[in-house]
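Printed here is input_39.cif (mmCIF, C-alpha atoms):
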data_entry
loop_
_atom_site.label_atom_id
_atom_site.label_comp_id
_atom_site.auth_asym_id
_atom_site.auth_seq_id
_atom_site.Cartn_x
_atom_site.Cartn_y
_atom_site.Cartn_z
CA MET C 1 -7.38 6.58 18.16
CA LEU C 2 -8.03 5.09 14.72
CA THR C 3 -9.16 1.46 14.47
CA PHE C 4 -9.08 -0.82 11.43
CA ASN C 5 -11.28 -3.83 10.67
CA PRO C 6 -9.38 -6.03 8.16
CA GLU C 7 -12.50 -8.05 7.28
CA THR C 8 -14.44 -5.01 6.11
CA HIS C 9 -11.35 -2.93 5.31
CA GLU C 10 -12.93 -0.18 7.37
CA TYR C 11 -11.29 2.57 9.41
CA ARG C 12 -13.17 4.23 12.27
CA LYS C 13 -12.55 7.07 14.69
CA GLU C 14 -13.12 6.73 18.43
CA ASN C 15 -16.63 8.15 18.01
CA GLY C 16 -17.49 5.42 15.51
CA ASP C 17 -17.37 7.59 12.38
CA VAL C 18 -16.12 5.74 9.31
CA VAL C 19 -13.02 7.25 7.66
CA PRO C 20 -12.60 6.64 3.90
CA SER C 21 -9.41 4.86 2.90
CA VAL C 22 -6.90 6.07 0.33
CA THR C 23 -7.73 3.20 -2.04
CA GLN C 24 -11.46 3.88 -1.74
CA ILE C 25 -10.91 7.53 -2.57
CA ILE C 26 -8.74 6.80 -5.62
CA ASN C 27 -11.30 4.16 -6.62
CA GLU C 28 -9.10 2.59 -9.27
CA TRP C 29 -11.16 -0.61 -9.51
CA ILE C 30 -14.95 -0.68 -9.93
CA LYS C 31 -16.96 -3.82 -9.12
CA VAL C 32 -19.56 -4.86 -11.68
CA THR C 33 -21.62 -7.98 -12.39
CA ILE C 34 -21.80 -9.23 -15.99
CA GLY C 35 -23.72 -12.36 -16.90
CA GLY C 36 -23.91 -13.38 -13.27
CA GLU C 37 -20.14 -13.15 -12.77
CA ARG C 38 -18.46 -10.46 -10.72
CA TRP C 39 -15.64 -8.44 -12.30
CA HIS C 40 -13.23 -5.70 -11.25
CA ILE C 41 -12.91 -3.04 -13.96
CA ASN C 42 -10.04 -0.55 -13.89
CA ARG C 43 -11.69 2.82 -14.46
CA PHE C 44 -8.47 4.31 -15.86
CA THR C 45 -7.29 1.57 -18.23
CA GLY C 46 -10.46 -0.46 -18.84
CA ALA C 47 -8.73 -3.70 -17.79
CA ALA C 48 -11.15 -6.37 -16.53
CA ILE C 49 -10.24 -9.06 -13.99
CA PRO C 50 -12.57 -11.66 -12.44
CA SER C 51 -13.32 -10.54 -8.88
CA ARG C 52 -12.35 -13.93 -7.44
CA LYS C 53 -8.83 -13.47 -8.83
CA MET C 54 -8.60 -9.95 -7.45
CA GLU C 55 -9.73 -11.15 -4.04
CA GLU C 56 -7.28 -14.07 -4.09
CA GLY C 57 -4.51 -11.67 -5.08
CA ALA C 58 -5.41 -9.28 -2.27
CA ALA C 59 -5.36 -12.10 0.28
CA LYS C 60 -1.97 -13.30 -0.95
CA GLY C 61 -0.65 -9.75 -0.89
CA SER C 62 -1.73 -9.43 2.73
CA ASP C 63 0.04 -12.70 3.58
CA LEU C 64 3.19 -11.50 1.82
CA HIS C 65 3.18 -8.28 3.85
CA LYS C 66 2.92 -10.34 7.03
CA GLY C 67 5.87 -12.43 5.86
CA ALA C 68 7.93 -9.30 5.23
CA GLN C 69 7.03 -8.08 8.70
CA LEU C 70 8.22 -11.37 10.23
CA ILE C 71 11.53 -11.13 8.35
CA LEU C 72 12.08 -7.62 9.71
CA GLN C 73 11.34 -8.94 13.19
CA GLY C 74 13.74 -11.84 12.66
CA GLY C 75 11.15 -14.54 13.28
CA ILE C 76 10.05 -16.10 10.00
CA ASP C 77 9.79 -19.87 9.71
CA TRP C 78 10.71 -20.56 6.10
CA ALA C 79 9.70 -24.23 6.31
CA SER C 80 6.12 -23.28 7.17
CA LEU C 81 5.64 -21.06 4.11
CA ALA C 82 3.79 -22.10 0.97
CA ASP C 83 6.13 -22.26 -2.04
CA GLU C 84 4.47 -19.27 -3.70
CA TYR C 85 5.62 -17.01 -0.85
CA VAL C 86 9.20 -18.21 -0.54
CA LYS C 87 10.55 -16.74 -3.80
CA PRO C 88 9.25 -13.17 -3.38
CA LEU C 89 10.16 -13.11 0.31
CA LYS C 90 13.68 -14.31 -0.48
CA GLN C 91 13.92 -11.30 -2.78
CA PHE C 92 12.70 -9.09 0.08
CA GLU C 93 15.46 -10.54 2.24
CA GLN C 94 17.99 -9.85 -0.52
CA TRP C 95 16.76 -6.26 -0.83
CA LEU C 96 17.31 -5.76 2.89
CA LYS C 97 20.89 -7.03 2.56
CA ASP C 98 21.59 -4.84 -0.46
CA PHE C 99 20.11 -1.58 0.85
CA GLN C 100 20.27 -2.07 4.63
CA PRO C 101 17.43 0.35 5.41
CA GLU C 102 16.45 1.32 8.93
CA ALA C 103 12.93 -0.07 9.13
CA LEU C 104 10.80 2.00 11.51
CA TYR C 105 7.30 0.61 11.05
CA THR C 106 5.46 -2.03 9.03
CA GLU C 107 1.70 -2.07 8.39
CA ALA C 108 1.50 1.43 9.87
CA LYS C 109 -1.89 3.15 10.09
CA VAL C 110 -1.96 6.74 8.91
CA TYR C 111 -4.66 9.38 9.23
CA HIS C 112 -4.85 12.87 7.77
CA PRO C 113 -6.93 15.07 10.10
CA ARG C 114 -7.53 17.88 7.63
CA TYR C 115 -8.58 15.75 4.66
CA ASN C 116 -10.10 12.96 6.78
CA TYR C 117 -8.67 9.89 5.07
CA ALA C 118 -6.81 6.85 6.36
CA GLY C 119 -4.59 4.09 5.04
CA MET C 120 -2.09 1.38 5.84
CA ILE C 121 1.56 1.91 4.88
CA ASP C 122 3.48 -1.27 4.05
CA LEU C 123 6.83 0.03 5.25
CA VAL C 124 8.17 3.24 6.80
CA MET C 125 11.97 3.34 6.72
CA VAL C 126 15.02 5.55 6.64
CA LEU C 127 17.49 5.27 3.76
CA ASP C 128 20.20 7.74 2.73
CA LYS C 129 19.02 10.09 5.51
CA LYS C 130 15.54 10.28 4.00
CA LEU C 131 12.26 8.96 5.37
CA PHE C 132 10.76 6.57 2.79
CA ILE C 133 7.14 5.49 2.50
CA VAL C 134 7.29 2.15 0.67
CA ASP C 135 4.59 0.11 -1.05
CA ILE C 136 5.38 -3.60 -1.48
CA LYS C 137 3.93 -5.31 -4.56
CA THR C 138 4.28 -8.72 -6.20
CA GLY C 139 3.26 -7.62 -9.68
CA GLY C 140 3.30 -4.51 -11.79
CA TYR C 141 1.90 -1.27 -10.51
CA SER C 142 -0.13 1.50 -12.09
CA ARG C 143 0.17 5.28 -12.12
CA CYS C 144 -2.17 5.23 -9.14
CA ALA C 145 0.72 4.02 -6.98
CA GLY C 146 2.08 7.57 -7.11
CA LEU C 147 -1.22 9.03 -5.88
CA GLN C 148 -1.54 6.39 -3.17
CA LEU C 149 1.98 6.92 -1.86
CA ALA C 150 1.61 10.71 -2.02
CA ALA C 151 -1.51 10.46 0.15
CA TYR C 152 0.27 8.16 2.62
CA LEU C 153 3.30 10.44 2.77
CA GLU C 154 1.25 13.61 3.26
CA GLY C 155 -0.77 11.87 5.95
CA TRP C 156 2.33 10.57 7.73
CA VAL C 157 4.14 13.92 7.66
CA THR C 158 1.03 15.63 9.07
CA GLN C 159 0.26 12.93 11.64
CA GLU C 160 3.83 12.69 12.94
CA LYS C 161 4.71 16.38 12.41
CA TYR C 162 7.76 15.22 10.47
CA THR C 163 9.95 17.95 8.96
CA GLY C 164 12.88 16.02 7.47
CA ARG C 165 13.59 14.84 3.93
CA THR C 166 11.09 12.37 2.51
CA ALA C 167 10.63 10.06 -0.48
CA ARG C 168 8.21 7.49 -1.90
CA ALA C 169 9.09 4.14 -3.45
CA VAL C 170 7.64 0.88 -4.73
CA LEU C 171 9.38 -2.40 -3.94
CA SER C 172 8.35 -5.02 -6.49
CA LEU C 173 8.90 -8.67 -5.52
CA PRO C 174 8.11 -10.86 -8.56
CA LYS C 175 6.25 -14.07 -7.81
CA ASP C 176 8.65 -16.07 -9.98
CA GLY C 177 11.61 -15.14 -7.77
CA SER C 178 13.32 -12.93 -10.33
CA SER C 179 15.21 -9.90 -9.06
CA TYR C 180 13.37 -7.29 -7.05
CA LYS C 181 12.91 -3.74 -8.32
CA PHE C 182 13.16 -0.81 -5.96
CA GLU C 183 11.94 2.35 -7.64
CA GLU C 184 11.61 5.80 -6.16
CA ILE C 185 8.38 7.50 -7.25
CA THR C 186 8.50 11.16 -8.17
CA GLY C 187 5.80 13.54 -9.29
CA ASP C 188 5.18 16.93 -7.74
CA ASN C 189 1.54 16.89 -8.77
CA ASP C 190 0.56 13.51 -7.28
CA PHE C 191 -0.99 14.85 -4.10
CA ASN C 192 -2.95 17.46 -6.05
CA LEU C 193 -4.30 14.63 -8.22
CA PHE C 194 -5.26 12.75 -5.06
CA ARG C 195 -7.04 15.89 -3.82
CA ALA C 196 -8.97 15.87 -7.09
CA CYS C 197 -10.08 12.30 -6.27
CA LEU C 198 -11.20 13.58 -2.85
CA LEU C 199 -13.24 16.25 -4.59
CA LEU C 200 -14.87 13.70 -6.90
CA LYS C 201 -15.78 11.55 -3.87
CA GLY C 202 -17.28 14.59 -2.17
CA ALA C 203 -14.80 14.22 0.68
CA LEU C 204 -12.89 17.47 0.14
CA LYS C 205 -14.12 20.38 2.21
#
Using the file provided, produce a representation of the structure as structure tokens.
Amino acid sequence: MLTFNPETHEYRKENGDVVPSVTQIINEWIKVTIGGERWHINRFTGAAIPSRKMEEGAAKGSDLHKGAQLILQGGIDWASLADEYVKPLKQFEQWLKDFQPEALYTEAKVYHPRYNYAGMIDLVMVLDKKLFIVDIKTGGYSRCAGLQLAAYLEGWVTQEKYTGRTARAVLSLPKDGSSYKFEEITGDNDFNLFRACLLLKGALK
């Protein structure tokens, strides 16, 4: 049984061993301190963002995922939401109406026993007779989204012993309320690139 501590973003096995997460393995953002201020530096693009903004964004992203989960469960209280969440979640609701997916799981833990990594999938659903692993974002996304989703998908297929058709996608819900974008992610080499990240982290055996 895999457990997850949201405060430390830490996955553990029953014996207490820590399991590295997909995002930790990809290691897209590096934390540094410059002139007494903490920054997140993207090691692929060189982009620099103040850590406080990254942390605020991560917290809001987590809240948005919870809102999406409540919509799927039919129990969201729109009046209780802060304005900044209403617009993107209305677009999530519109996406559901337009595509009518069969949502199977939200915030689903996944673990790959062979490669020993874990992660949290935003949405597992069925659409057009394919199992989709979906990442929900409020802003743009990088090339690393393909690696992340490939790792989730490979982990899910292995964990659940799933043998049907599969796909990966990003659902972008702009903060300004403009139209959502639902994009299927392709790339036959993505999981191999993720395995390279495992090798760099010393986690590949």
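Proximity ranking of C:Gly187, C:Gly16, C:Gly155, C:Pro50 relative to Tyr115 (chain C) places C:Gly155 first, based on all atoms listed in the file.
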For the contact check between region 144-191 of chain C and region 74-97 of chain C, emit one row per residue of region 144-191 of chain C within 10 Å, containing the shortest atom pair and the distance in Å rounded to one decimal, counting all atoms listed in the file, chain then rising number order, as CSV.
residue,atom,partner,partner_atom,distance
C:Leu171,CA,C:Phe92,CA,8.5
C:Ser172,CA,C:Pro88,CA,8.8
C:Leu173,CA,C:Pro88,CA,5.0
C:Pro174,CA,C:Pro88,CA,5.8
C:Lys175,CA,C:Pro88,CA,5.4
C:Asp176,CA,C:Lys87,CA,6.5
C:Gly177,CA,C:Lys87,CA,4.4
C:Ser178,CA,C:Gln91,CA,7.7
C:Ser179,CA,C:Gln91,CA,6.6
C:Tyr180,CA,C:Gln91,CA,5.9
C:Lys181,CA,C:Trp95,CA,8.8
C:Phe182,CA,C:Trp95,CA,8.3
Keeping only C-alpha atoms, write the selected residues as a CSV table (one decimal), keeping the file's coordinate frame.
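Wrote it out as part05.csv, contents follow:
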chain,number,residue,atom,x,y,z
C,171,LEU,CA,9.4,-2.4,-3.9
C,172,SER,CA,8.4,-5.0,-6.5
C,173,LEU,CA,8.9,-8.7,-5.5
C,174,PRO,CA,8.1,-10.9,-8.6
C,175,LYS,CA,6.2,-14.1,-7.8
C,176,ASP,CA,8.6,-16.1,-10.0
C,177,GLY,CA,11.6,-15.1,-7.8
C,178,SER,CA,13.3,-12.9,-10.3
C,179,SER,CA,15.2,-9.9,-9.1
C,180,TYR,CA,13.4,-7.3,-7.0
C,181,LYS,CA,12.9,-3.7,-8.3
C,182,PHE,CA,13.2,-0.8,-6.0
Quick check on the file I pasted: which residues fall under the PyMOL selection byres ((chain C and resi 126-132) around 10)? Write them as a list of chain:residue names.
C:Phe99, C:Gln100, C:Pro101, C:Glu102, C:Ala103, C:Leu104, C:Leu123, C:Val124, C:Met125, C:Ile133, C:Val134, C:Asp135, C:Leu149, C:Leu153, C:Val157, C:Tyr162, C:Thr163, C:Gly164, C:Arg165, C:Thr166, C:Ala167, C:Arg168, C:Ala169, C:Val170, C:Glu184
Which neighbours of Val32 (chain C) fall inside 12 Å, counting only C-alpha atoms, when residues of the same chain fewer than 3 positions from it are skipped, and could you give them as a ChimeraX atom specification?
/C:29,35-43,48-51
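Evaluated against this file, the PyMOL selection byres ((chain C and resi 198) around 10) yields Pro20, Val22, Gln24, Ile25, Ile26, Tyr115, Asn116, Tyr117, Asn192, Leu193, Phe194, Arg195, Ala196, Cys197, Leu199, Leu200, Lys201, Gly202, Ala203, Leu204 and Lys205 of chain C.
Between CA of Val18 (chain C) and CA of Ala59 (chain C) the separation is 22.7 Å.
Of note, CA of His65 (chain C) and CA of Ala145 (chain C) are spaced 16.6 Å apart.
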In Å, how far is it from CA of Ile30 (chain C) to CA of Ala68 (chain C)?
28.8 Å
Name the residues within 12 Å of (-8.1, -7.4, 6.0), counting all atoms listed in the file in the file's coordinates, and put them as a VMD selection string.
chain C and resid 4 to 11 55 58 to 63 65 to 66 107 120
Kindly export the residues of the current selection with C-alpha atoms, as a PDB file, in the coordinates of the input.
ATOM      1  CA  PHE C   4      -9.080  -0.820  11.430  1.00  0.00           C
ATOM      2  CA  ASN C   5     -11.280  -3.830  10.670  1.00  0.00           C
ATOM      3  CA  PRO C   6      -9.380  -6.030   8.160  1.00  0.00           C
ATOM      4  CA  GLU C   7     -12.500  -8.050   7.280  1.00  0.00           C
ATOM      5  CA  THR C   8     -14.440  -5.010   6.110  1.00  0.00           C
ATOM      6  CA  HIS C   9     -11.350  -2.930   5.310  1.00  0.00           C
ATOM      7  CA  GLU C  10     -12.930  -0.180   7.370  1.00  0.00           C
ATOM      8  CA  TYR C  11     -11.290   2.570   9.410  1.00  0.00           C
ATOM      9  CA  GLU C  55      -9.730 -11.150  -4.040  1.00  0.00           C
ATOM     10  CA  ALA C  58      -5.410  -9.280  -2.270  1.00  0.00           C
ATOM     11  CA  ALA C  59      -5.360 -12.100   0.280  1.00  0.00           C
ATOM     12  CA  LYS C  60      -1.970 -13.300  -0.950  1.00  0.00           C
ATOM     13  CA  GLY C  61      -0.650  -9.750  -0.890  1.00  0.00           C
ATOM     14  CA  SER C  62      -1.730  -9.430   2.730  1.00  0.00           C
ATOM     15  CA  ASP C  63       0.040 -12.700   3.580  1.00  0.00           C
ATOM     16  CA  HIS C  65       3.180  -8.280   3.850  1.00  0.00           C
ATOM     17  CA  LYS C  66       2.920 -10.340   7.030  1.00  0.00           C
ATOM     18  CA  GLU C 107       1.700  -2.070   8.390  1.00  0.00           C
ATOM     19  CA  MET C 120      -2.090   1.380   5.840  1.00  0.00           C
TER      20      MET C 120
END
Just say which residues the PyMOL selection byres ((chain C and resi 146) around 8) picks in this file, as a ChimeraX atom specification.
/C:143-145,147-150,185-187,190
Got a sec to check which residues sit within 9 Å of (-1.9, 4.8, 8.2), counting only C-alpha atoms, and write them as a PyMOL selection string?
chain C and resi 2+107-112+118-121+152+155-156
Around all of region 80-97 of chain C's listed atoms, make the axis-aligned box with 5 Å on each side and tell me centre and edge lengths in Å to one decimal, as AutoDock Vina command-line options.
--center_x 12.3 --center_y -14.5 --center_z 1.7 --size_x 27.1 --size_y 27.5 --size_z 21.0
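Among the candidates C:Ile34, C:Leu64, C:Met1, C:Ala151, the one nearest to Asn189 (chain C) when counting only C-alpha atoms is C:Ala151.
Ranking C:Thr106, C:Asn27, C:Thr158, C:Thr45 by their shortest atom-to-atom distance to Leu72 (chain C), with all atoms listed in the file included, puts C:Thr106 first.
Residue nearest Phe44 (chain C), chosen from C:Glu28, C:Gln73, C:Asp17, C:Glu56 and counting all atoms listed in the file: C:Glu28.
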